[in-house]
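Working notes, structure below.
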Amino acid sequence: MKNFNIKAVLFLNYFVFAILLNSVGTVILQVQQNFGISKSSASILEGFKDLPIAICSFILASFLPKIGIRNSMLIALFLVSCMCFVMPFANDFWFFKLLFAMVGISFALIKISVFTSIGLVTNTDKEHSSFMGFLEGFFMIGVLAGNVLFSLFIDDHNPKSTQWLNVYWVLGTLSALSFLFLFFSKLNESEARSEKTDLLGDLKNSISLFSYKKVLFFLLCAFLFVLVEQSFQTWTPTFYKEILKLPTSMSIQAGAVLAGAFALGRFLSGFFSKKFSWIYVVSFCVIGFAISIILVLPLTHHIKIDEGTGWFNAPLVVYLFPLMGGLLAPIYPSINSVILASIPKYLHSAMSGLIVVFSAIGGTIGSMITGFVFQEFSGQQAFYLSLIPLSLLIISAFFMNKLKINPKK
């Protein structure tokens with residue numbers, strides 16, 4: 001298969017960062033128990049992760065191809081490998097702030113590089129959309145694997161135990177292996193460079209993207225989607241622990257079930273994108289997810305969980321809640337692929353940077369709002385709030401679908 005080696009490396013890199021990025025929900029739950037951190041204070045970890053992603057993406061996106069796509073990914077993997085090997089010795093909350101800041105910086109490099117690389121290893125719009133769907137699906141497999149991995153290191157009988165930090169030995173080793181695989185792989189980056197411009201010209205190209213209405217509506221869609229997605233991914237373990245009264249390990253595993261539903265939804269989007277227009281896929285998913293929230297959340301009130309409850313004897317809602325993620329999952333790869341396929345390849349790095357920036361801001365705001373409402377009111381009300389951005393998302397998607405981009409503008 002053409003470009004098989006580099007495609008495999010892209011999948012592996014995404015897998016590693018899926019685990020690291022989406023461990024924030026688990027870590028938020030654990031630092032509350034280990035260090036007595038409040039929900040609102042713990043939610044700041046989302047900001048330490050997402051704001052460095054946004055800042056670095058904005059700074060690096062326009063000229064990252066000149067630094068080198070492959071070189072950028074190697075730098076990112078080296079940084080997180082080092083940080084992971086430090087974490088088993090963490091004994092204060094600031095270690096986790098530093099961890100997620102480093103993960104955020106590194107993910108900015110990885111995501112822009114990966115999104116830019118997709119245009120280099122695919123030949124048609126449909127192939128681009130399909131590969132994006134499968135890649136995002138594999139990202140969710142990483143999230144699932146990460147939740148399961150963390151749950152294996154959790155001591156349900158001693159909430160104060162910090163033995164779970166030993167999971168970072170595994171993650172550090174995985175990051176180092178990913179670094180080695182990439183180091184011995186090759187990628188033709190010539191099409192991602194604009195030889196006619198210097199760094200100032202690249203920056204002007206990036207800014208010019210804001211002149212397209214289609215891009216503006218896309219960025220709004222990306223912001224709103226991640227606001228909803230990150231709220232659910234980050235706070236599901238705490239919701240299961242405090243609202244449904246399940247054991248800590250099972251609460252973290254619920255995050256794995258949510259990730260599994262996301263993975264399935266994104267893999268399916270790889271097939272659906274070949275048969276249906278993206279706007280039909282997005283509309284179906286948004287409406288279906290909104291209906292699921294309205295039907296499923298009422299079932300979480302006044303639920304009774306026995307001491308011996310496990311996955312084989314849990315109430316129906318314990319399974320239904322994370323499965324809703326399957327409906328939300330296809331939206332992100334669908335809208336990303338559409339906008340990237342609409343612009344020249346030399347602008348893919350700049351556009352990828354904007355995707356990461358607005359996604360990061362949406363994730364931070366969504367998680368912090370959810371954490372505040374969760375603490376002051378209830379977990380159910382926190383998730384009901386997602387109906388507002390979902391409504392705005394589908395409206396923005398329709399406007400985006402009607403607009404065209406003329407690269408000569």
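In the structure tokens, chains take the letters A, B, ... in the order shown, each chain's residues start at 1, and ligands count up from 1 in the order shown.
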Listing only residues of stretch 6-65 of chain A within 12 Å of stretch 373-376 of chain A, what is the closest atom pair and its distance in Å (to one decimal) for each, using only C-alpha atoms, sorted by chain and residue number ascending, as a tab-separated table?
```
residue	atom	partner	partner_atom	distance
A:Ser38	CA	A:Gln375	CA	8.7
A:Lys39	CA	A:Gln375	CA	6.5
A:Ser40	CA	A:Gln375	CA	7.2
A:Ser41	CA	A:Gln375	CA	10.6
A:Ala42	CA	A:Gln375	CA	11.2
A:Ser43	CA	A:Gln375	CA	10.7
```
Kindly export the residues of the current selection with C-alpha atoms, as a short mmCIF file (atom, residue, chain, number, x, y, z; two decimals), in the first residue's frame.
```cif
data_model
loop_
_atom_site.label_atom_id
_atom_site.label_comp_id
_atom_site.auth_asym_id
_atom_site.auth_seq_id
_atom_site.Cartn_x
_atom_site.Cartn_y
_atom_site.Cartn_z
CA SER A 38 -12.08 20.99 44.62
CA LYS A 39 -13.92 20.35 41.35
CA SER A 40 -13.56 23.95 40.18
CA SER A 41 -9.83 23.94 41.01
CA ALA A 42 -9.28 20.54 39.39
CA SER A 43 -11.03 21.69 36.22
#
```
>> as an MDAnalysis selection string, please: the residues near A:Asn401 (cut-off 9 Å, only C-alpha atoms, same-chain neighbours under 2 positions excluded).
In response: chainID A and resid 214 278:279 396:399 403:404
Keeping only N, CA, C and O atoms, write the selected residues as a CSV table (one decimal), in the first residue's frame.
```csv
chain,number,residue,atom,x,y,z
A,214,LYS,N,-16.8,30.8,4.9
A,214,LYS,CA,-16.9,29.3,5.1
A,214,LYS,C,-16.0,28.9,6.2
A,214,LYS,O,-16.3,28.1,7.1
A,278,TRP,N,-21.6,15.3,3.8
A,278,TRP,CA,-21.2,15.5,5.1
A,278,TRP,C,-22.3,16.2,6.0
A,278,TRP,O,-22.5,16.0,7.1
A,279,ILE,N,-23.1,17.1,5.3
A,279,ILE,CA,-24.1,17.8,6.1
A,279,ILE,C,-25.2,16.9,6.6
A,279,ILE,O,-25.8,17.1,7.7
A,396,SER,N,-24.8,26.6,12.4
A,396,SER,CA,-23.5,27.0,11.8
A,396,SER,C,-23.1,26.0,10.6
A,396,SER,O,-22.6,26.5,9.6
A,397,ALA,N,-23.4,24.8,10.8
A,397,ALA,CA,-23.1,23.8,9.8
A,397,ALA,C,-23.8,24.0,8.5
A,397,ALA,O,-23.3,23.8,7.4
A,398,PHE,N,-25.1,24.4,8.6
A,398,PHE,CA,-25.9,24.7,7.4
A,398,PHE,C,-25.4,25.9,6.7
A,398,PHE,O,-25.3,25.9,5.4
A,399,PHE,N,-24.9,26.9,7.4
A,399,PHE,CA,-24.3,28.1,6.7
A,399,PHE,C,-23.0,27.7,6.1
A,399,PHE,O,-22.7,28.1,4.9
A,403,LEU,N,-21.7,27.9,1.7
A,403,LEU,CA,-20.7,28.8,1.3
A,403,LEU,C,-19.6,28.0,0.5
A,403,LEU,O,-19.3,26.9,0.8
A,404,LYS,N,-18.9,28.8,-0.4
A,404,LYS,CA,-17.8,28.2,-1.2
A,404,LYS,C,-16.5,29.0,-0.9
A,404,LYS,O,-16.6,30.2,-0.5
```
>> Using DSSP assignments from the backbone, pull out every residue in stretch 140-356 of chain A that falls under alpha helix (DSSP H) and give it to me as a PyMOL selection string.
In response: chain A and resi 140-152+167-183+199-208+213-242+248-275+278-296+316-323+325-328+331-341+348-356
Restricting the output to C-alpha atoms, write the selected residues as a short mmCIF file (atom, residue, chain, number, x, y, z; two decimals), in the first residue's frame.
```
data_model
loop_
_atom_site.label_atom_id
_atom_site.label_comp_id
_atom_site.auth_asym_id
_atom_site.auth_seq_id
_atom_site.Cartn_x
_atom_site.Cartn_y
_atom_site.Cartn_z
CA MET A 140 -10.74 7.21 20.30
CA ILE A 141 -9.34 3.69 20.51
CA GLY A 142 -6.40 5.32 22.25
CA VAL A 143 -8.78 7.10 24.63
CA LEU A 144 -10.48 3.78 25.37
CA ALA A 145 -7.16 2.01 25.94
CA GLY A 146 -5.99 4.85 28.17
CA ASN A 147 -9.05 4.66 30.41
CA VAL A 148 -8.70 0.91 30.75
CA LEU A 149 -4.96 1.25 31.43
CA PHE A 150 -5.47 3.85 34.17
CA SER A 151 -8.26 1.81 35.78
CA LEU A 152 -5.85 -1.14 36.18
CA VAL A 167 0.96 4.13 34.81
CA TYR A 168 3.28 6.87 33.54
CA TRP A 169 6.16 4.38 33.28
CA VAL A 170 4.06 2.58 30.66
CA LEU A 171 3.10 5.82 28.88
CA GLY A 172 6.69 7.03 28.84
CA THR A 173 7.84 3.79 27.25
CA LEU A 174 5.05 3.97 24.66
CA SER A 175 5.99 7.57 23.77
CA ALA A 176 9.65 6.61 23.42
CA LEU A 177 8.78 3.71 21.10
CA SER A 178 6.64 6.03 18.97
CA PHE A 179 9.61 8.40 18.74
CA LEU A 180 11.83 5.58 17.45
CA PHE A 181 9.29 4.40 14.84
CA LEU A 182 8.93 7.93 13.50
CA PHE A 183 12.70 8.52 13.55
CA LEU A 199 7.81 33.25 7.17
CA LEU A 200 6.06 36.62 6.94
CA GLY A 201 4.30 35.48 3.78
CA ASP A 202 3.22 32.28 5.48
CA LEU A 203 1.78 34.30 8.35
CA LYS A 204 -0.16 36.48 5.89
CA ASN A 205 -1.54 33.33 4.25
CA SER A 206 -2.75 32.15 7.65
CA ILE A 207 -4.45 35.46 8.40
CA SER A 208 -6.06 35.47 4.94
CA LYS A 213 -16.97 33.12 5.52
CA LYS A 214 -16.90 29.33 5.13
CA VAL A 215 -13.78 29.21 7.31
CA LEU A 216 -15.40 31.42 9.96
CA PHE A 217 -18.49 29.21 10.19
CA PHE A 218 -16.27 26.13 10.28
CA LEU A 219 -14.25 27.53 13.19
CA LEU A 220 -17.49 28.21 15.05
CA CYS A 221 -18.58 24.61 14.38
CA ALA A 222 -15.24 23.25 15.66
CA PHE A 223 -15.40 25.42 18.77
CA LEU A 224 -18.97 24.37 19.62
CA PHE A 225 -18.36 20.69 18.93
CA VAL A 226 -15.28 20.39 21.14
CA LEU A 227 -17.02 22.42 23.85
CA VAL A 228 -19.65 19.66 24.04
CA GLU A 229 -17.32 16.71 23.41
CA GLN A 230 -14.72 17.67 26.00
CA SER A 231 -17.38 18.34 28.63
CA PHE A 232 -18.61 14.77 28.34
CA GLN A 233 -15.19 13.15 28.04
CA THR A 234 -13.65 15.04 30.96
CA TRP A 235 -16.51 14.79 33.43
CA THR A 236 -17.93 11.32 32.74
CA PRO A 237 -15.67 9.59 35.35
CA THR A 238 -16.68 12.12 38.04
CA PHE A 239 -20.35 11.83 37.01
CA TYR A 240 -20.23 8.06 37.42
CA LYS A 241 -18.41 8.30 40.76
CA GLU A 242 -20.50 11.03 42.42
CA THR A 248 -13.59 4.67 41.05
CA SER A 249 -12.16 2.00 38.71
CA MET A 250 -15.59 1.40 37.16
CA SER A 251 -16.12 5.16 36.78
CA ILE A 252 -12.87 5.43 34.83
CA GLN A 253 -13.83 2.38 32.76
CA ALA A 254 -17.06 4.22 31.88
CA GLY A 255 -14.80 6.75 30.18
CA ALA A 256 -13.38 3.83 28.20
CA VAL A 257 -16.89 2.79 27.14
CA LEU A 258 -17.55 6.39 26.04
CA ALA A 259 -14.29 6.35 24.07
CA GLY A 260 -15.26 3.01 22.51
CA ALA A 261 -18.56 4.50 21.36
CA PHE A 262 -16.66 7.47 19.92
CA ALA A 263 -14.26 5.14 18.14
CA LEU A 264 -17.07 3.14 16.57
CA GLY A 265 -18.83 6.32 15.48
CA ARG A 266 -15.69 7.71 13.87
CA PHE A 267 -14.83 4.48 12.11
CA LEU A 268 -18.36 4.40 10.72
CA SER A 269 -17.97 8.01 9.58
CA GLY A 270 -15.10 6.77 7.40
CA PHE A 271 -17.66 4.64 5.54
CA PHE A 272 -20.59 7.07 5.62
CA SER A 273 -18.48 9.90 4.20
CA LYS A 274 -18.10 7.87 0.98
CA LYS A 275 -21.87 7.51 0.54
CA TRP A 278 -21.24 15.52 5.15
CA ILE A 279 -24.13 17.84 6.07
CA TYR A 280 -26.55 14.90 6.27
CA VAL A 281 -24.15 12.98 8.51
CA VAL A 282 -23.60 15.98 10.82
CA SER A 283 -27.31 16.85 11.02
CA PHE A 284 -28.30 13.27 11.87
CA CYS A 285 -25.64 13.07 14.58
CA VAL A 286 -26.42 16.41 16.23
CA ILE A 287 -30.17 15.77 16.34
CA GLY A 288 -29.69 12.16 17.49
CA PHE A 289 -27.33 13.18 20.29
CA ALA A 290 -29.66 15.95 21.50
CA ILE A 291 -32.58 13.51 21.64
CA SER A 292 -30.40 11.02 23.54
CA ILE A 293 -29.57 13.62 26.19
CA ILE A 294 -33.24 14.40 26.70
CA LEU A 295 -34.15 10.69 27.01
CA VAL A 296 -31.17 9.31 28.95
CA LEU A 316 -29.41 0.10 32.00
CA VAL A 317 -28.51 3.79 32.21
CA VAL A 318 -24.93 2.88 33.22
CA TYR A 319 -24.51 1.52 29.68
CA LEU A 320 -26.69 4.01 27.81
CA PHE A 321 -24.95 7.19 28.97
CA PRO A 322 -21.51 6.55 27.43
CA LEU A 323 -22.99 4.93 24.30
CA GLY A 325 -20.86 9.20 22.27
CA GLY A 326 -21.33 7.11 19.13
CA LEU A 327 -23.72 9.75 17.79
CA LEU A 328 -21.44 12.68 18.60
CA ILE A 331 -19.13 15.29 13.49
CA TYR A 332 -15.53 16.38 14.06
CA PRO A 333 -13.77 14.42 11.29
CA SER A 334 -16.57 15.33 8.86
CA ILE A 335 -16.28 19.09 9.28
CA ASN A 336 -12.46 19.01 9.45
CA SER A 337 -12.14 17.05 6.23
CA VAL A 338 -14.56 19.34 4.38
CA ILE A 339 -12.65 22.51 5.20
CA LEU A 340 -9.18 21.02 4.54
CA ALA A 341 -10.31 19.61 1.20
CA HIS A 348 -3.30 22.96 5.30
CA SER A 349 -0.77 23.64 8.06
CA ALA A 350 -2.22 27.10 8.72
CA MET A 351 -5.78 25.75 8.66
CA SER A 352 -4.81 22.87 10.93
CA GLY A 353 -3.40 25.39 13.38
CA LEU A 354 -6.70 27.28 13.45
CA ILE A 355 -8.57 23.99 13.97
CA VAL A 356 -6.39 23.19 16.97
#
```
Sort by chain and increasing residue number a table of all residues of stretch 321-400 of chain A within 7 Å of stretch 49-55 of chain A, each with its closest pair of atoms and their distance in Å to one decimal, counting only C-alpha atoms, and write it as a Markdown table.
```
| residue | atom | partner | partner_atom | distance |
| --- | --- | --- | --- | --- |
| A:Val356 | CA | A:Ala54 | CA | 6.3 |
| A:Val357 | CA | A:Ala54 | CA | 3.9 |
| A:Ala360 | CA | A:Asp50 | CA | 4.6 |
| A:Ile361 | CA | A:Asp50 | CA | 6.5 |
| A:Gly363 | CA | A:Asp50 | CA | 6.8 |
| A:Thr364 | CA | A:Asp50 | CA | 5.9 |
```
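Here the question is which of A:Asn313, A:Asp92, A:Gln163, A:Leu385 gets nearest to A:Ile37 using only C-alpha atoms, and that residue is A:Asp92.
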